[in-house]
>>> print(open('run_14.cif').read())   # mmCIF, C-alpha atoms
data_final
#
loop_
_atom_site.label_atom_id
_atom_site.label_comp_id
_atom_site.auth_asym_id
_atom_site.auth_seq_id
_atom_site.Cartn_x
_atom_site.Cartn_y
_atom_site.Cartn_z
CA MET Q 1 0.00 0.00 0.00
CA GLN Q 2 1.29 3.47 -0.84
CA PRO Q 3 2.28 5.85 1.99
CA ALA Q 4 -0.57 8.26 1.18
CA ALA Q 5 -3.14 5.47 1.39
CA GLN Q 6 -1.64 4.20 4.66
CA SER Q 7 -1.86 7.70 6.08
CA TYR Q 8 -5.49 7.99 4.98
CA PHE Q 9 -6.46 4.70 6.62
CA LYS Q 10 -4.61 5.56 9.83
CA THR Q 11 -6.49 8.88 10.00
CA GLN Q 12 -9.82 7.22 9.21
CA VAL Q 13 -9.37 4.62 11.96
CA SER Q 14 -8.25 7.16 14.54
CA THR Q 15 -11.10 9.61 13.86
CA THR Q 16 -14.01 7.18 13.53
CA SER Q 17 -16.28 6.44 16.49
CA GLN Q 18 -15.99 3.10 18.26
CA GLY Q 19 -19.43 2.03 17.10
CA ASP Q 20 -18.68 2.93 13.51
CA LEU Q 21 -15.40 1.00 13.67
CA VAL Q 22 -17.24 -2.10 14.84
CA VAL Q 23 -19.70 -1.75 11.96
CA MET Q 24 -16.81 -1.26 9.53
CA LEU Q 25 -15.15 -4.43 10.80
CA PHE Q 26 -18.35 -6.39 10.22
CA ASP Q 27 -18.63 -4.89 6.72
CA ALA Q 28 -15.06 -5.95 5.98
CA ALA Q 29 -15.66 -9.47 7.32
CA VAL Q 30 -18.71 -9.92 5.09
CA LYS Q 31 -16.80 -8.49 2.12
CA PHE Q 32 -14.01 -11.01 2.69
CA LEU Q 33 -16.51 -13.86 2.95
CA VAL Q 34 -18.09 -12.87 -0.36
CA THR Q 35 -14.57 -12.77 -1.84
CA ALA Q 36 -13.92 -16.25 -0.39
CA LYS Q 37 -17.08 -17.58 -2.05
CA VAL Q 38 -16.04 -16.08 -5.39
CA GLY Q 39 -12.57 -17.62 -5.02
CA LEU Q 40 -14.16 -20.95 -4.23
CA SER Q 41 -16.46 -20.84 -7.25
CA GLU Q 42 -13.60 -19.81 -9.54
CA GLY Q 43 -11.17 -22.38 -8.17
CA ASP Q 44 -8.91 -19.72 -6.64
CA MET Q 45 -8.07 -21.59 -3.44
CA ALA Q 46 -5.29 -19.17 -2.51
CA GLY Q 47 -7.64 -16.18 -2.81
CA LYS Q 48 -10.31 -18.03 -0.84
CA GLY Q 49 -7.79 -18.88 1.86
CA ILE Q 50 -6.57 -15.30 2.17
CA ALA Q 51 -10.13 -13.97 2.41
CA VAL Q 52 -11.06 -16.53 5.06
CA SER Q 53 -7.88 -15.72 6.99
CA ARG Q 54 -8.70 -12.01 6.98
CA THR Q 55 -12.20 -12.73 8.23
CA LEU Q 56 -10.74 -14.84 11.04
CA ASP Q 57 -8.42 -11.94 11.92
CA ILE Q 58 -11.44 -9.66 12.23
CA LEU Q 59 -13.34 -12.18 14.35
CA ASN Q 60 -10.29 -12.48 16.61
CA GLU Q 61 -10.16 -8.69 16.95
CA LEU Q 62 -13.85 -8.51 17.79
CA THR Q 63 -13.44 -11.27 20.37
CA SER Q 64 -10.36 -9.70 21.94
CA THR Q 65 -12.11 -6.37 22.43
CA LEU Q 66 -15.05 -7.82 24.34
CA ASN Q 67 -15.19 -6.50 27.89
CA MET Q 68 -16.33 -9.58 29.76
CA GLU Q 69 -16.59 -7.72 33.10
CA LYS Q 70 -18.89 -4.92 31.95
CA GLY Q 71 -20.57 -6.74 29.09
CA GLY Q 72 -22.11 -9.46 31.21
CA GLU Q 73 -24.36 -11.93 29.44
CA LEU Q 74 -24.25 -10.01 26.16
CA ALA Q 75 -20.46 -10.19 26.00
CA VAL Q 76 -20.59 -13.92 26.78
CA ASN Q 77 -23.15 -14.43 24.00
CA LEU Q 78 -21.13 -12.38 21.50
CA ARG Q 79 -18.00 -14.36 22.34
CA SER Q 80 -19.96 -17.57 21.71
CA LEU Q 81 -21.21 -16.25 18.37
CA TYR Q 82 -17.73 -15.14 17.29
CA THR Q 83 -16.32 -18.53 18.31
CA PHE Q 84 -19.07 -20.31 16.40
CA CYS Q 85 -18.36 -18.19 13.32
CA SER Q 86 -14.62 -18.83 13.53
CA ASN Q 87 -15.03 -22.58 13.96
CA HIS Q 88 -17.70 -22.79 11.27
CA LEU Q 89 -15.53 -20.79 8.89
CA VAL Q 90 -12.53 -23.06 9.45
CA ARG Q 91 -14.73 -26.08 8.68
CA ALA Q 92 -16.20 -24.32 5.62
CA ASN Q 93 -12.68 -23.60 4.40
CA LEU Q 94 -11.59 -27.21 4.84
CA LYS Q 95 -14.74 -28.63 3.25
CA LYS Q 96 -14.84 -25.94 0.54
CA ASP Q 97 -18.52 -25.45 1.38
CA PRO Q 98 -20.08 -22.16 0.22
CA ALA Q 99 -23.30 -22.89 2.16
CA MET Q 100 -21.34 -22.87 5.41
CA ILE Q 101 -19.80 -19.53 4.44
CA ASP Q 102 -23.33 -18.23 3.82
CA GLU Q 103 -24.30 -19.27 7.35
CA VAL Q 104 -21.44 -17.22 8.79
CA ILE Q 105 -22.40 -14.26 6.58
CA LYS Q 106 -25.96 -14.47 7.92
CA VAL Q 107 -24.80 -14.42 11.56
CA LEU Q 108 -22.34 -11.56 11.02
CA THR Q 109 -24.87 -9.53 9.03
CA GLY Q 110 -27.37 -9.82 11.87
CA ILE Q 111 -24.87 -8.68 14.50
CA ARG Q 112 -23.68 -5.88 12.21
CA SER Q 113 -27.24 -4.61 11.79
CA ALA Q 114 -27.70 -4.47 15.56
CA TYR Q 115 -24.48 -2.49 16.02
CA ALA Q 116 -25.41 -0.12 13.21
CA GLU Q 117 -28.73 0.64 14.91
CA ILE Q 118 -27.18 1.08 18.35
CA SER Q 119 -24.18 3.15 17.27
CA VAL Q 120 -26.29 6.06 16.05
CA LEU Q 121 -28.23 6.47 19.31
CA PRO Q 122 -27.36 9.67 21.17
CA GLU Q 123 -26.89 7.64 24.36
CA ALA Q 124 -24.32 5.44 22.65
CA ARG Q 125 -22.44 8.43 21.25
CA GLU Q 126 -22.40 10.07 24.69
CA ALA Q 127 -21.12 6.90 26.33
CA ALA Q 128 -18.43 6.55 23.66
CA ALA Q 129 -17.33 10.15 24.16
CA CYS Q 130 -17.12 9.69 27.92
CA THR Q 131 -15.18 6.46 27.57
CA ALA Q 132 -12.79 7.98 25.05
CA ALA Q 133 -12.17 10.89 27.42
CA GLY Q 134 -11.60 8.50 30.31
CA ARG Q 135 -14.71 9.67 32.19
CA ARG Q 136 -17.58 7.68 33.57
CA VAL Q 137 -21.10 8.59 32.57
CA ALA Q 138 -22.87 10.11 35.57
CA ALA Q 139 -25.60 8.05 37.18
CA GLY Q 140 -28.90 9.06 35.66
CA GLY Q 141 -27.16 10.51 32.60
CA SER Q 142 -28.63 9.60 29.27
CA ALA Q 143 -25.95 7.01 28.56
CA SER Q 144 -27.02 5.09 31.64
CA ARG Q 145 -30.23 4.10 29.82
CA ILE Q 146 -28.22 1.89 27.47
CA PRO Q 147 -28.45 -1.76 28.52
CA VAL Q 148 -25.16 -2.84 30.06
CA GLY Q 149 -23.00 -4.29 27.35
CA ALA Q 150 -25.21 -3.14 24.49
CA PHE Q 151 -22.59 -0.91 22.94
CA ALA Q 152 -18.84 -0.83 22.82
CA SER Q 153 -18.20 1.93 25.31
CA ALA Q 154 -21.24 1.10 27.40
CA GLY Q 155 -19.62 -2.11 28.49
CA GLY Q 156 -19.68 -4.66 25.68
CA PHE Q 157 -16.32 -3.72 24.26
CA THR Q 158 -13.15 -1.93 25.09
CA ALA Q 159 -11.93 0.46 22.43
CA PRO Q 160 -12.26 -1.76 19.35
CA ALA Q 161 -9.91 -1.51 16.45
CA ARG Q 162 -7.97 1.38 17.96
CA GLY Q 163 -4.95 -0.82 18.56
CA ARG Q 164 -2.46 -2.00 15.99
CA ALA Q 165 -4.26 -5.28 15.32
CA GLY Q 166 -7.61 -3.57 14.74
CA ALA Q 167 -6.12 -0.94 12.50
CA GLU Q 168 -4.33 -3.66 10.55
CA ALA Q 169 -7.54 -5.68 10.20
CA TYR Q 170 -9.37 -2.61 8.94
CA ARG Q 171 -6.51 -1.62 6.62
CA LYS Q 172 -6.55 -5.09 5.05
CA SER Q 173 -10.28 -4.80 4.53
CA ALA Q 174 -9.80 -1.76 2.35
CA LEU Q 175 -7.32 -3.44 0.03
#
>>> encode(input="run_14.cif", output="structure tokens")
Amino acid sequence: MQPAAQSYFKTQVSTTSQGDLVVMLFDAAVKFLVTAKVGLSEGDMAGKGIAVSRTLDILNELTSTLNMEKGGELAVNLRSLYTFCSNHLVRANLKKDPAMIDEVIKVLTGIRSAYAEISVLPEAREAAACTAAGRRVAAGGSASRIPVGAFASAGGFTAPARGRAGAEAYRKSAL
């Protein structure tokens, strides 16, 4: 990747909200899975393997950013879903089964839709801003109406994709 493009992606990752980054990671994962299916149908096993590997990287990033303490049952359920998707994707890759890839796409698309809806709520944006600034949302503040663990900064995640691994996963998705 050219230095100007790397600079652009670094700026985009560092200036995007946590919720939007999560949605972007899901978009990239689905894009890679579609690419994997195309590679499979065209006999491009190397391309399929690379796309599956990139999706697994994103799933690992999403799993690693779960905040199991604050996220409670939701974080546990998300971890189970991400683990299911990873395991199912590995089996789909080995079996060269596009239907199994479709199943993973369906799960990830559903979770992505939920994050997209939540991330635009004013309460979620306020919670994200407070978390980014290192402050807690005051009791009774609007962000306290968000179910615990429902959004990244409200307890379900730590700062996703802000680290090197997340930025790398997002950068790869834009290639």
>>> resolve_selection(input="run_14.cif", expression="the PyMOL selection byres ((chain Q and resi 111) around 12)", output="PDB file with C-alpha atoms, keeping the file's coordinate frame")
ATOM      1  CA  VAL Q  22     -17.240  -2.100  14.840  1.00  0.00           C
ATOM      2  CA  VAL Q  23     -19.700  -1.750  11.960  1.00  0.00           C
ATOM      3  CA  LEU Q  25     -15.150  -4.430  10.800  1.00  0.00           C
ATOM      4  CA  PHE Q  26     -18.350  -6.390  10.220  1.00  0.00           C
ATOM      5  CA  ASP Q  27     -18.630  -4.890   6.720  1.00  0.00           C
ATOM      6  CA  ALA Q  29     -15.660  -9.470   7.320  1.00  0.00           C
ATOM      7  CA  VAL Q  30     -18.710  -9.920   5.090  1.00  0.00           C
ATOM      8  CA  LEU Q  62     -13.850  -8.510  17.790  1.00  0.00           C
ATOM      9  CA  LEU Q  74     -24.250 -10.010  26.160  1.00  0.00           C
ATOM     10  CA  ASN Q  77     -23.150 -14.430  24.000  1.00  0.00           C
ATOM     11  CA  LEU Q  78     -21.130 -12.380  21.500  1.00  0.00           C
ATOM     12  CA  ARG Q  79     -18.000 -14.360  22.340  1.00  0.00           C
ATOM     13  CA  LEU Q  81     -21.210 -16.250  18.370  1.00  0.00           C
ATOM     14  CA  TYR Q  82     -17.730 -15.140  17.290  1.00  0.00           C
ATOM     15  CA  CYS Q  85     -18.360 -18.190  13.320  1.00  0.00           C
ATOM     16  CA  VAL Q 104     -21.440 -17.220   8.790  1.00  0.00           C
ATOM     17  CA  ILE Q 105     -22.400 -14.260   6.580  1.00  0.00           C
ATOM     18  CA  LYS Q 106     -25.960 -14.470   7.920  1.00  0.00           C
ATOM     19  CA  VAL Q 107     -24.800 -14.420  11.560  1.00  0.00           C
ATOM     20  CA  LEU Q 108     -22.340 -11.560  11.020  1.00  0.00           C
ATOM     21  CA  THR Q 109     -24.870  -9.530   9.030  1.00  0.00           C
ATOM     22  CA  GLY Q 110     -27.370  -9.820  11.870  1.00  0.00           C
ATOM     23  CA  ARG Q 112     -23.680  -5.880  12.210  1.00  0.00           C
ATOM     24  CA  SER Q 113     -27.240  -4.610  11.790  1.00  0.00           C
ATOM     25  CA  ALA Q 114     -27.700  -4.470  15.560  1.00  0.00           C
ATOM     26  CA  TYR Q 115     -24.480  -2.490  16.020  1.00  0.00           C
ATOM     27  CA  ALA Q 116     -25.410  -0.120  13.210  1.00  0.00           C
ATOM     28  CA  GLU Q 117     -28.730   0.640  14.910  1.00  0.00           C
ATOM     29  CA  ILE Q 118     -27.180   1.080  18.350  1.00  0.00           C
ATOM     30  CA  ALA Q 150     -25.210  -3.140  24.490  1.00  0.00           C
ATOM     31  CA  PHE Q 151     -22.590  -0.910  22.940  1.00  0.00           C
TER      32      PHE Q 151
END
>>> closest_residue(input="run_14.cif", among="Q:Asp20, Q:Asn93, Q:Glu126, Q:Leu40", to="Q:Leu56", atoms="all atoms listed in the file")
Q:Asn93
>>> axis_aligned_box(input="run_14.cif", around="stretch 60-74 of chain Q", padding_each_side="4 Å", output="AutoDock Vina command-line options")
--center_x -17.3 --center_y -8.7 --center_z 24.9 --size_x 22.2 --size_y 15.6 --size_z 24.5
>>> atom_distance(input="run_14.cif", atom1="atom CA of Q:Glu123", atom2="atom CA of Q:Thr63")
23.5 Å
>>> closest_residue(input="run_14.cif", among="Q:Thr83, Q:Val76, Q:Lys37, Q:Gly19", to="Q:Met100", atoms="only C-alpha atoms")
Q:Lys37
>>> atom_distance(input="run_14.cif", atom1="atom CA of Q:Glu103", atom2="atom CA of Q:His88")
8.4 Å
>>> closest_residue(input="run_14.cif", among="Q:Ser80, Q:Ile101, Q:Gly49, Q:Lys31", to="Q:Met68", atoms="all atoms listed in the file")
Q:Ser80
>>> residues_around(input="run_14.cif", residues="Q:Lys96", least_positions_apart="4", cutoff="12 Å", atoms="all atoms listed in the file", output="ChimeraX atom specification")
/Q:36-45,48-49,52,88-92,100-102
>>> closest_residue(input="run_14.cif", among="Q:Ser17, Q:Asn87, Q:Thr65, Q:Gln2", to="Q:Ser119", atoms="all atoms listed in the file")
Q:Ser17
>>> closest_residue(input="run_14.cif", among="Q:Ala4, Q:Leu121, Q:Ala51, Q:Leu33", to="Q:Pro98", atoms="only C-alpha atoms")
Q:Leu33
>>> atom_distance(input="run_14.cif", atom1="atom CA of Q:Glu73", atom2="atom CA of Q:Met24")
23.8 Å
>>> closest_residue(input="run_14.cif", among="Q:Leu59, Q:Gly71, Q:Ala99, Q:Leu21", to="Q:Ser86", atoms="only C-alpha atoms")
Q:Leu59
